[in-house]
Amino acid sequence: MCAVADPIPRDFRIYIENLYSQIPKGDLEHVLDNLIFLLELGKDRRQSLRSFLDQVARMIFKLFDVEEISIGLKDRKEDRWRYEIVFGYTRAVEAKVRKLEYNRADMYEFDTYPNVKIGRLSELNPVEGMPELEADAYNRPYRVGEKRQSVDDFHEGDFVDFWIYGPGKEIIAWIELSRPKNGKMLPRANVRWIELIAGACSPIILQKWKAESKKEVP
Amino acid sequence: MTAITDPIPKDLRSHLETTYSLTPRDELERIIDDFISVTERGSDGRTTLHQILEMSARIIFRRFGFGEVSVGLKSRKDGLYRYEFTLGLRKDVELSFKQATYDKDDMVSHDRFPFIRTGRLSELDPIEGLPEKERQMFNRPFSLESPRKSRDDFHEGDYFDVWMMDGNKGIIGWFELSSPKDGKMPPRVSIRWIEVLASICASIILERWSEEDLAQPNAQAKR
């Protein structure tokens, strides 16, 4: 059996392989490369939802200089939302965060968690509107009461939520970030990137839920 | 009933609303905004898969400067691959696309469709390897015979395929791109963006198929 000759000229093949080399060049390609990796990982049936969301948190940590990341999920069977992934917190705070749960009013009403909309899928919840009962769910609770020095400072107690929506604009999950490494409000571009990640997580979560439902059918 | 006072200081709110205004400010933000729209439509059960793929093709057409964009999808009934939507083609060429079907080997065999890998999810199929039977599928067949003047030129008959994969690395759909407006090989970053969009579309397709499986648990898809 003889090998079929490659009809593509060798110099042209080499030129194209170099031009489209898979090694990312520059920040933009680096982020895109990570995003493609993450999305492909999400489709892998061997990856549980939890391990996928864990990867989402780690990727945000690695690319966007944020130290505290948590990801919450809606309970599939009742109107309750809880944290699933908690990353970058002290053990004591992590234990408190894991015990928190929210109802529909908590998730949807402005009065419960006053916020400022900062994107199509995101909002910033400043410390000034933080409910009293959540003051101990932070790594540095003694700083929560301090006055904000500048509108550009990211204050202890501030957090950003990125919503992951399902059918009918139902919140099925959310990514929560706080403590950017430079202590400043997140760059606008980073907010847009993380919104894209949140949006892209939606079909992956829904698909994994449906796969679980299928297994549960007797 | 008294209105609840906003506990957020006015200067902070105003600063944040300006800094993070929702109107996209540059091309990167416009692309992200478009991709988020695809994910929103994807999670909206009222939007059909065809509409989502059409929307994605139009985004590629608008944002990345390709004059011809097609989208193909694997049939769950017979396992064959067909074009679902085409953009920028002449009517008779569009008809040839609509009639074309491919089997699994067509989709992956280098011998049938010689290609050069250009990314994790993409490849360039240059004119030099174009099968004879595919020559009627181009807008300018007279240009197919002319020699490539420069390696950087995008020649009539060249096209990019960007794959939508399932969790087992099987192809479930694809974007096919040709005729870049400047006539040159597209920038690498454009291909990477389109790979992201292909991956998002693949997740949406898989989610929709899972929905079908739940609605019709006895329906057996062809693998």
# chains A, B, ... in the order shown; residues from 1 in each chain; ligands from 1

call {"tool": "closest_atom_pairs", "arguments": {"of": "chain A", "to": "chain B", "cutoff": "6 Å", "atoms": "only C-alpha atoms", "output": "Markdown table"}}
result
| residue | atom | partner | partner_atom | distance |
| --- | --- | --- | --- | --- |
| A:Pro7 | CA | B:Gly129 | CA | 5.5 |
| A:Ile8 | CA | B:Glu128 | CA | 5.5 |
| A:Tyr20 | CA | B:Thr118 | CA | 5.0 |
| A:Gln22 | CA | B:Gly119 | CA | 5.6 |
| A:Ile36 | CA | B:Val196 | CA | 5.5 |
| A:Lys43 | CA | B:Gly167 | CA | 4.6 |
| A:Asp44 | CA | B:Gly167 | CA | 4.0 |
| A:Arg45 | CA | B:Gly167 | CA | 5.8 |
| A:Ile118 | CA | B:Tyr20 | CA | 5.0 |
| A:Gly119 | CA | B:Leu22 | CA | 5.5 |
| A:Glu128 | CA | B:Ile8 | CA | 5.6 |
| A:Gly129 | CA | B:Pro7 | CA | 5.5 |
| A:Val151 | CA | B:Leu12 | CA | 5.3 |
| A:Gly166 | CA | B:Ser43 | CA | 5.2 |
| A:Pro167 | CA | B:Asp44 | CA | 4.9 |
| A:Arg188 | CA | B:Tyr20 | CA | 6.0 |
| A:Leu196 | CA | B:Ile36 | CA | 5.8 |
| A:Gly199 | CA | B:Thr39 | CA | 5.4 |
| A:Ala200 | CA | B:Thr39 | CA | 6.0 |
| A:Pro203 | CA | B:Ile204 | CA | 5.4 |
| A:Ile204 | CA | B:Ser203 | CA | 5.9 |
| A:Gln207 | CA | B:Glu207 | CA | 4.4 |

call {"tool": "select_by_dssp", "arguments": {"residues": "segment 36-203 of chain A", "states": "helix (DSSP H, G or I)", "output": "NGL selection string"}}
result
:A and (36-43 or 49-64 or 91-99 or 104-108 or 127-129 or 132-134 or 141-143 or 167-169 or 188-203)

call {"tool": "write_last_selection", "arguments": {"atoms": "C-alpha atoms", "output": "CSV table (one decimal), in the first residue's frame"}}
result
chain,number,residue,atom,x,y,z
A,36,ILE,CA,-11.4,27.4,24.2
A,37,PHE,CA,-9.8,24.9,26.5
A,38,LEU,CA,-12.4,25.6,29.2
A,39,LEU,CA,-15.4,25.3,26.9
A,40,GLU,CA,-14.1,22.0,25.4
A,41,LEU,CA,-13.5,20.7,28.9
A,42,GLY,CA,-17.1,21.5,29.8
A,43,LYS,CA,-18.4,19.3,27.0
A,49,LEU,CA,-20.4,19.9,36.9
A,50,ARG,CA,-18.4,20.5,40.1
A,51,SER,CA,-15.0,19.8,38.5
A,52,PHE,CA,-15.9,22.0,35.5
A,53,LEU,CA,-16.9,24.9,37.8
A,54,ASP,CA,-13.8,24.4,39.8
A,55,GLN,CA,-11.8,24.9,36.5
A,56,VAL,CA,-13.8,28.0,35.8
A,57,ALA,CA,-12.8,29.5,39.1
A,58,ARG,CA,-9.1,28.5,38.6
A,59,MET,CA,-9.1,30.0,35.2
A,60,ILE,CA,-10.5,33.3,36.4
A,61,PHE,CA,-8.0,33.3,39.3
A,62,LYS,CA,-5.1,32.7,36.8
A,63,LEU,CA,-6.1,35.2,34.1
A,64,PHE,CA,-7.8,38.1,35.8
A,91,ARG,CA,-11.0,28.0,56.1
A,92,ALA,CA,-13.3,29.7,58.6
A,93,VAL,CA,-14.8,32.0,56.0
A,94,GLU,CA,-15.1,29.2,53.5
A,95,ALA,CA,-17.1,27.2,56.1
A,96,LYS,CA,-19.5,30.1,56.6
A,97,VAL,CA,-19.9,30.8,52.9
A,98,ARG,CA,-20.7,27.1,52.3
A,99,LYS,CA,-23.5,27.3,54.8
A,104,ARG,CA,-35.8,34.0,45.3
A,105,ALA,CA,-36.1,37.4,47.0
A,106,ASP,CA,-32.4,37.4,47.9
A,107,MET,CA,-31.5,36.6,44.3
A,108,TYR,CA,-33.8,39.0,42.5
A,127,VAL,CA,-20.1,47.3,51.0
A,128,GLU,CA,-22.3,50.3,51.6
A,129,GLY,CA,-25.4,48.1,50.9
A,132,GLU,CA,-25.5,43.0,58.5
A,133,LEU,CA,-25.7,39.2,58.7
A,134,GLU,CA,-23.0,38.8,55.9
A,141,PRO,CA,-14.2,41.6,58.6
A,142,TYR,CA,-12.4,44.3,60.6
A,143,ARG,CA,-12.0,46.3,57.4
A,167,PRO,CA,-34.5,29.6,30.2
A,168,GLY,CA,-36.9,32.4,31.1
A,169,LYS,CA,-34.0,34.5,32.5
A,188,ARG,CA,-13.8,47.0,32.3
A,189,ALA,CA,-12.3,44.6,29.8
A,190,ASN,CA,-11.9,41.9,32.5
A,191,VAL,CA,-15.6,42.4,33.5
A,192,ARG,CA,-16.6,41.8,29.8
A,193,TRP,CA,-14.4,38.7,29.6
A,194,ILE,CA,-15.8,37.2,32.7
A,195,GLU,CA,-19.3,38.0,31.4
A,196,LEU,CA,-18.5,36.0,28.3
A,197,ILE,CA,-17.3,33.1,30.5
A,198,ALA,CA,-20.6,33.3,32.5
A,199,GLY,CA,-22.7,33.3,29.4
A,200,ALA,CA,-20.8,30.4,27.9
A,201,CYS,CA,-21.2,28.4,31.1
A,202,SER,CA,-25.0,28.4,30.7
A,203,PRO,CA,-25.5,25.7,28.1

call {"tool": "residues_around", "arguments": {"residues": "segment 103-107 of chain B", "least_positions_apart": "4", "cutoff": "12 Å", "atoms": "only C-alpha atoms", "output": "list of chain:residue names"}}
result
B:Gly72, B:Leu73, B:Lys74, B:Ser75, B:Asp78, B:Gly79, B:Leu80, B:Tyr81, B:Arg82, B:Asp111, B:Arg112, B:Phe113, B:Pro114, B:Phe115, B:Glu123, B:Asp125, B:Pro131, B:Asp161, B:Val162, B:Trp163, B:Met164, B:Met165, B:Gly170, B:Ile171, B:Ile172, B:Gly173, B:Trp174, B:Lys222, B:Arg223

call {"tool": "atom_distance", "arguments": {"atom1": "atom CA of Leu100 of chain A", "atom2": "atom CA of Trp81 of chain A"}}
result
8.7 Å

call {"tool": "atom_distance", "arguments": {"atom1": "atom CA of Ile16 of chain A", "atom2": "atom CA of Gly157 of chain B"}}
result
15.8 Å

call {"tool": "select_by_dssp", "arguments": {"residues": "segment 35-215 of chain A", "states": "strand (DSSP E)", "output": "ChimeraX atom specification"}}
result
/A:66-74,81-87,101-102,116-117,122-125,159-165,171-180

call {"tool": "closest_residue", "arguments": {"among": "B:Leu53, B:Met137, B:Ile60, B:Leu95", "to": "Ile31 of chain B", "atoms": "only C-alpha atoms"}}
result
B:Ile60

call {"tool": "atom_distance", "arguments": {"atom1": "atom CA of Glu101 of chain A", "atom2": "atom CA of Tyr83 of chain A"}}
result
7.5 Å

call {"tool": "closest_residue", "arguments": {"among": "A:Glu84, A:Lys74, A:Glu156, A:Leu28", "to": "Leu206 of chain A", "atoms": "only C-alpha atoms"}}
result
A:Lys74

call {"tool": "residues_around", "arguments": {"residues": "Phe85 of chain B", "least_positions_apart": "4", "cutoff": "9 Å", "atoms": "only C-alpha atoms", "output": "list in words"}}
result
His50, Leu53, Glu54, Ala57, Val69, Ser70, Val71, Gly72, Phe97 and Lys98 of chain B

call {"tool": "write_last_selection", "arguments": {"atoms": "all heavy atoms", "output": "PDB file, in the first residue's frame"}}
result
ATOM      1  N   HIS B  50     -31.500  26.445  14.490  1.00  0.00           N
ATOM      2  CA  HIS B  50     -31.239  27.062  13.185  1.00  0.00           C
ATOM      3  C   HIS B  50     -31.042  28.579  13.348  1.00  0.00           C
ATOM      4  O   HIS B  50     -30.117  29.155  12.773  1.00  0.00           O
ATOM      5  CB  HIS B  50     -32.390  26.769  12.226  1.00  0.00           C
ATOM      6  CG  HIS B  50     -32.164  27.324  10.850  1.00  0.00           C
ATOM      7  ND1 HIS B  50     -31.533  26.610   9.864  1.00  0.00           N
ATOM      8  CD2 HIS B  50     -32.433  28.537  10.315  1.00  0.00           C
ATOM      9  CE1 HIS B  50     -31.440  27.347   8.779  1.00  0.00           C
ATOM     10  NE2 HIS B  50     -31.992  28.535   9.031  1.00  0.00           N
ATOM     11  N   LEU B  53     -27.635  29.320  14.918  1.00  0.00           N
ATOM     12  CA  LEU B  53     -26.521  29.120  13.976  1.00  0.00           C
ATOM     13  C   LEU B  53     -26.507  30.228  12.925  1.00  0.00           C
ATOM     14  O   LEU B  53     -25.440  30.716  12.526  1.00  0.00           O
ATOM     15  CB  LEU B  53     -26.622  27.738  13.330  1.00  0.00           C
ATOM     16  CG  LEU B  53     -26.462  26.563  14.307  1.00  0.00           C
ATOM     17  CD1 LEU B  53     -26.701  25.230  13.608  1.00  0.00           C
ATOM     18  CD2 LEU B  53     -25.083  26.570  14.970  1.00  0.00           C
ATOM     19  N   GLU B  54     -27.692  30.648  12.497  1.00  0.00           N
ATOM     20  CA  GLU B  54     -27.770  31.751  11.524  1.00  0.00           C
ATOM     21  C   GLU B  54     -27.213  33.041  12.140  1.00  0.00           C
ATOM     22  O   GLU B  54     -26.427  33.764  11.517  1.00  0.00           O
ATOM     23  CB  GLU B  54     -29.222  31.955  11.083  1.00  0.00           C
ATOM     24  CG  GLU B  54     -29.371  33.105  10.114  1.00  0.00           C
ATOM     25  CD  GLU B  54     -30.806  33.322   9.630  1.00  0.00           C
ATOM     26  OE1 GLU B  54     -31.605  32.369   9.661  1.00  0.00           O
ATOM     27  OE2 GLU B  54     -31.100  34.461   9.224  1.00  0.00           O
ATOM     28  N   ALA B  57     -23.471  32.843  12.215  1.00  0.00           N
ATOM     29  CA  ALA B  57     -22.880  33.064  10.884  1.00  0.00           C
ATOM     30  C   ALA B  57     -22.866  34.551  10.554  1.00  0.00           C
ATOM     31  O   ALA B  57     -21.887  35.079  10.011  1.00  0.00           O
ATOM     32  CB  ALA B  57     -23.672  32.286   9.833  1.00  0.00           C
ATOM     33  N   VAL B  69     -19.953  32.681   4.389  1.00  0.00           N
ATOM     34  CA  VAL B  69     -19.979  31.925   5.650  1.00  0.00           C
ATOM     35  C   VAL B  69     -21.083  30.872   5.563  1.00  0.00           C
ATOM     36  O   VAL B  69     -22.210  31.198   5.197  1.00  0.00           O
ATOM     37  CB  VAL B  69     -20.262  32.862   6.860  1.00  0.00           C
ATOM     38  CG1 VAL B  69     -20.253  32.072   8.164  1.00  0.00           C
ATOM     39  CG2 VAL B  69     -19.288  34.019   6.921  1.00  0.00           C
ATOM     40  N   SER B  70     -20.751  29.633   5.860  1.00  0.00           N
ATOM     41  CA  SER B  70     -21.772  28.575   5.895  1.00  0.00           C
ATOM     42  C   SER B  70     -21.692  27.863   7.232  1.00  0.00           C
ATOM     43  O   SER B  70     -20.644  27.867   7.881  1.00  0.00           O
ATOM     44  CB  SER B  70     -21.535  27.530   4.807  1.00  0.00           C
ATOM     45  OG  SER B  70     -21.189  28.156   3.618  1.00  0.00           O
ATOM     46  N   VAL B  71     -22.812  27.267   7.612  1.00  0.00           N
ATOM     47  CA  VAL B  71     -22.841  26.494   8.850  1.00  0.00           C
ATOM     48  C   VAL B  71     -23.407  25.121   8.531  1.00  0.00           C
ATOM     49  O   VAL B  71     -24.430  25.008   7.853  1.00  0.00           O
ATOM     50  CB  VAL B  71     -23.760  27.129   9.919  1.00  0.00           C
ATOM     51  CG1 VAL B  71     -23.500  26.511  11.280  1.00  0.00           C
ATOM     52  CG2 VAL B  71     -23.593  28.618   9.996  1.00  0.00           C
ATOM     53  N   GLY B  72     -22.726  24.095   8.995  1.00  0.00           N
ATOM     54  CA  GLY B  72     -23.209  22.729   8.792  1.00  0.00           C
ATOM     55  C   GLY B  72     -23.504  22.050  10.111  1.00  0.00           C
ATOM     56  O   GLY B  72     -23.002  22.473  11.166  1.00  0.00           O
ATOM     57  N   PHE B  97     -24.657  23.708  -2.237  1.00  0.00           N
ATOM     58  CA  PHE B  97     -24.391  23.500  -0.802  1.00  0.00           C
ATOM     59  C   PHE B  97     -25.544  22.743  -0.151  1.00  0.00           C
ATOM     60  O   PHE B  97     -25.339  21.820   0.619  1.00  0.00           O
ATOM     61  CB  PHE B  97     -24.204  24.854  -0.093  1.00  0.00           C
ATOM     62  CG  PHE B  97     -22.775  25.327  -0.056  1.00  0.00           C
ATOM     63  CD1 PHE B  97     -22.131  25.732  -1.213  1.00  0.00           C
ATOM     64  CD2 PHE B  97     -22.061  25.368   1.133  1.00  0.00           C
ATOM     65  CE1 PHE B  97     -20.813  26.171  -1.191  1.00  0.00           C
ATOM     66  CE2 PHE B  97     -20.746  25.796   1.174  1.00  0.00           C
ATOM     67  CZ  PHE B  97     -20.118  26.202   0.004  1.00  0.00           C
ATOM     68  N   LYS B  98     -26.777  23.172  -0.478  1.00  0.00           N
ATOM     69  CA  LYS B  98     -27.957  22.560   0.169  1.00  0.00           C
ATOM     70  C   LYS B  98     -28.055  21.068  -0.175  1.00  0.00           C
ATOM     71  O   LYS B  98     -28.581  20.280   0.590  1.00  0.00           O
ATOM     72  CB  LYS B  98     -29.227  23.299  -0.273  1.00  0.00           C
ATOM     73  CG  LYS B  98     -29.294  24.738   0.247  1.00  0.00           C
ATOM     74  CD  LYS B  98     -30.493  24.978   1.148  1.00  0.00           C
ATOM     75  CE  LYS B  98     -30.341  26.244   1.970  1.00  0.00           C
ATOM     76  NZ  LYS B  98     -30.868  27.427   1.309  1.00  0.00           N
TER      77      LYS B  98
END

call {"tool": "residues_around", "arguments": {"residues": "Arg76 of chain A", "least_positions_apart": "2", "cutoff": "10 Å", "atoms": "only C-alpha atoms", "output": "list in words"}}
result
Leu73, Lys74, Glu78, Asp79, Arg80, Trp81, Ile172, Trp209 and Ser213 of chain A

call {"tool": "decode", "arguments": {"residues": "segment 34-141 of chain B", "atoms": "C-alpha atoms", "output": "short mmCIF file (atom, residue, chain, number, x, y, z; two decimals), in the first residue's frame"}}
result
data_model
loop_
_atom_site.label_atom_id
_atom_site.label_comp_id
_atom_site.auth_asym_id
_atom_site.auth_seq_id
_atom_site.Cartn_x
_atom_site.Cartn_y
_atom_site.Cartn_z
CA ASP B 34 -22.27 39.59 20.17
CA PHE B 35 -21.06 36.29 21.64
CA ILE B 36 -23.00 36.94 24.86
CA SER B 37 -26.10 37.48 22.70
CA VAL B 38 -25.55 34.01 21.22
CA THR B 39 -25.35 32.47 24.70
CA GLU B 40 -28.52 34.33 25.74
CA ARG B 41 -30.39 33.02 22.70
CA GLY B 42 -28.96 29.59 23.42
CA SER B 43 -30.54 29.48 26.86
CA ASP B 44 -33.85 30.82 25.52
CA GLY B 45 -35.83 27.71 24.57
CA ARG B 46 -37.97 29.71 22.13
CA THR B 47 -35.03 30.33 19.79
CA THR B 48 -34.42 27.41 17.42
CA LEU B 49 -31.01 25.90 16.80
CA HIS B 50 -31.24 27.06 13.18
CA GLN B 51 -31.80 30.66 14.34
CA ILE B 52 -28.81 30.48 16.70
CA LEU B 53 -26.52 29.12 13.98
CA GLU B 54 -27.77 31.75 11.52
CA MET B 55 -27.11 34.47 14.08
CA SER B 56 -23.59 33.13 14.63
CA ALA B 57 -22.88 33.06 10.88
CA ARG B 58 -24.00 36.69 10.62
CA ILE B 59 -21.69 37.66 13.49
CA ILE B 60 -18.73 36.05 11.66
CA PHE B 61 -19.73 37.84 8.47
CA ARG B 62 -20.01 41.20 10.25
CA ARG B 63 -17.10 41.07 12.68
CA PHE B 64 -14.40 39.05 10.93
CA GLY B 65 -14.65 40.16 7.31
CA PHE B 66 -15.50 36.88 5.58
CA GLY B 67 -17.67 37.34 2.48
CA GLU B 68 -18.92 33.75 2.50
CA VAL B 69 -19.98 31.93 5.65
CA SER B 70 -21.77 28.58 5.90
CA VAL B 71 -22.84 26.49 8.85
CA GLY B 72 -23.21 22.73 8.79
CA LEU B 73 -24.77 20.33 11.25
CA LYS B 74 -24.71 16.61 11.87
CA SER B 75 -28.09 14.95 11.44
CA ARG B 76 -29.11 12.91 14.47
CA LYS B 77 -31.32 10.75 12.24
CA ASP B 78 -28.82 9.43 9.69
CA GLY B 79 -25.46 10.59 11.06
CA LEU B 80 -24.71 12.55 7.86
CA TYR B 81 -23.50 16.13 7.71
CA ARG B 82 -25.34 18.82 5.77
CA TYR B 83 -25.20 22.60 5.42
CA GLU B 84 -27.81 24.30 7.55
CA PHE B 85 -27.30 27.90 6.46
CA THR B 86 -25.22 29.80 3.92
CA LEU B 87 -24.42 33.48 3.58
CA GLY B 88 -22.87 35.37 0.66
CA LEU B 89 -23.15 32.65 -1.99
CA ARG B 90 -24.66 32.90 -5.47
CA LYS B 91 -28.09 31.22 -5.73
CA ASP B 92 -26.85 28.28 -7.84
CA VAL B 93 -23.85 27.76 -5.56
CA GLU B 94 -26.14 27.92 -2.54
CA LEU B 95 -28.23 25.16 -4.14
CA SER B 96 -25.11 22.98 -4.51
CA PHE B 97 -24.39 23.50 -0.80
CA LYS B 98 -27.96 22.56 0.17
CA GLN B 99 -27.67 19.30 -1.82
CA ALA B 100 -24.26 18.30 -0.47
CA THR B 101 -24.02 15.59 2.20
CA TYR B 102 -20.91 14.23 3.86
CA ASP B 103 -20.23 11.12 5.88
CA LYS B 104 -17.93 10.83 8.88
CA ASP B 105 -14.90 9.91 6.75
CA ASP B 106 -15.39 12.99 4.55
CA MET B 107 -15.23 15.10 7.69
CA VAL B 108 -11.98 13.72 9.05
CA SER B 109 -10.05 12.16 6.17
CA HIS B 110 -6.98 14.07 5.01
CA ASP B 111 -6.96 12.00 1.82
CA ARG B 112 -10.49 13.03 0.83
CA PHE B 113 -10.12 16.68 1.82
CA PRO B 114 -6.43 17.57 2.29
CA PHE B 115 -6.05 20.24 4.96
CA ILE B 116 -3.60 22.14 7.16
CA ARG B 117 -4.39 22.38 10.86
CA THR B 118 -4.71 26.02 11.95
CA GLY B 119 -5.92 25.65 15.54
CA ARG B 120 -7.36 23.35 18.15
CA LEU B 121 -10.70 23.45 16.30
CA SER B 122 -9.83 24.70 12.83
CA GLU B 123 -8.15 23.84 9.56
CA LEU B 124 -7.50 25.40 6.18
CA ASP B 125 -8.50 23.37 3.12
CA PRO B 126 -6.51 24.96 0.28
CA ILE B 127 -7.45 24.88 -3.41
CA GLU B 128 -4.49 22.60 -4.12
CA GLY B 129 -6.35 19.70 -2.47
CA LEU B 130 -9.88 20.54 -3.60
CA PRO B 131 -11.73 17.43 -4.91
CA GLU B 132 -13.03 17.74 -8.49
CA LYS B 133 -16.68 17.25 -7.44
CA GLU B 134 -16.53 20.29 -5.14
CA ARG B 135 -15.51 22.75 -7.86
CA GLN B 136 -19.09 23.87 -8.51
CA MET B 137 -19.35 25.05 -4.91
CA PHE B 138 -17.55 28.35 -5.41
CA ASN B 139 -18.80 31.75 -6.48
CA ARG B 140 -15.96 32.33 -9.00
CA PRO B 141 -15.12 28.93 -10.62
#
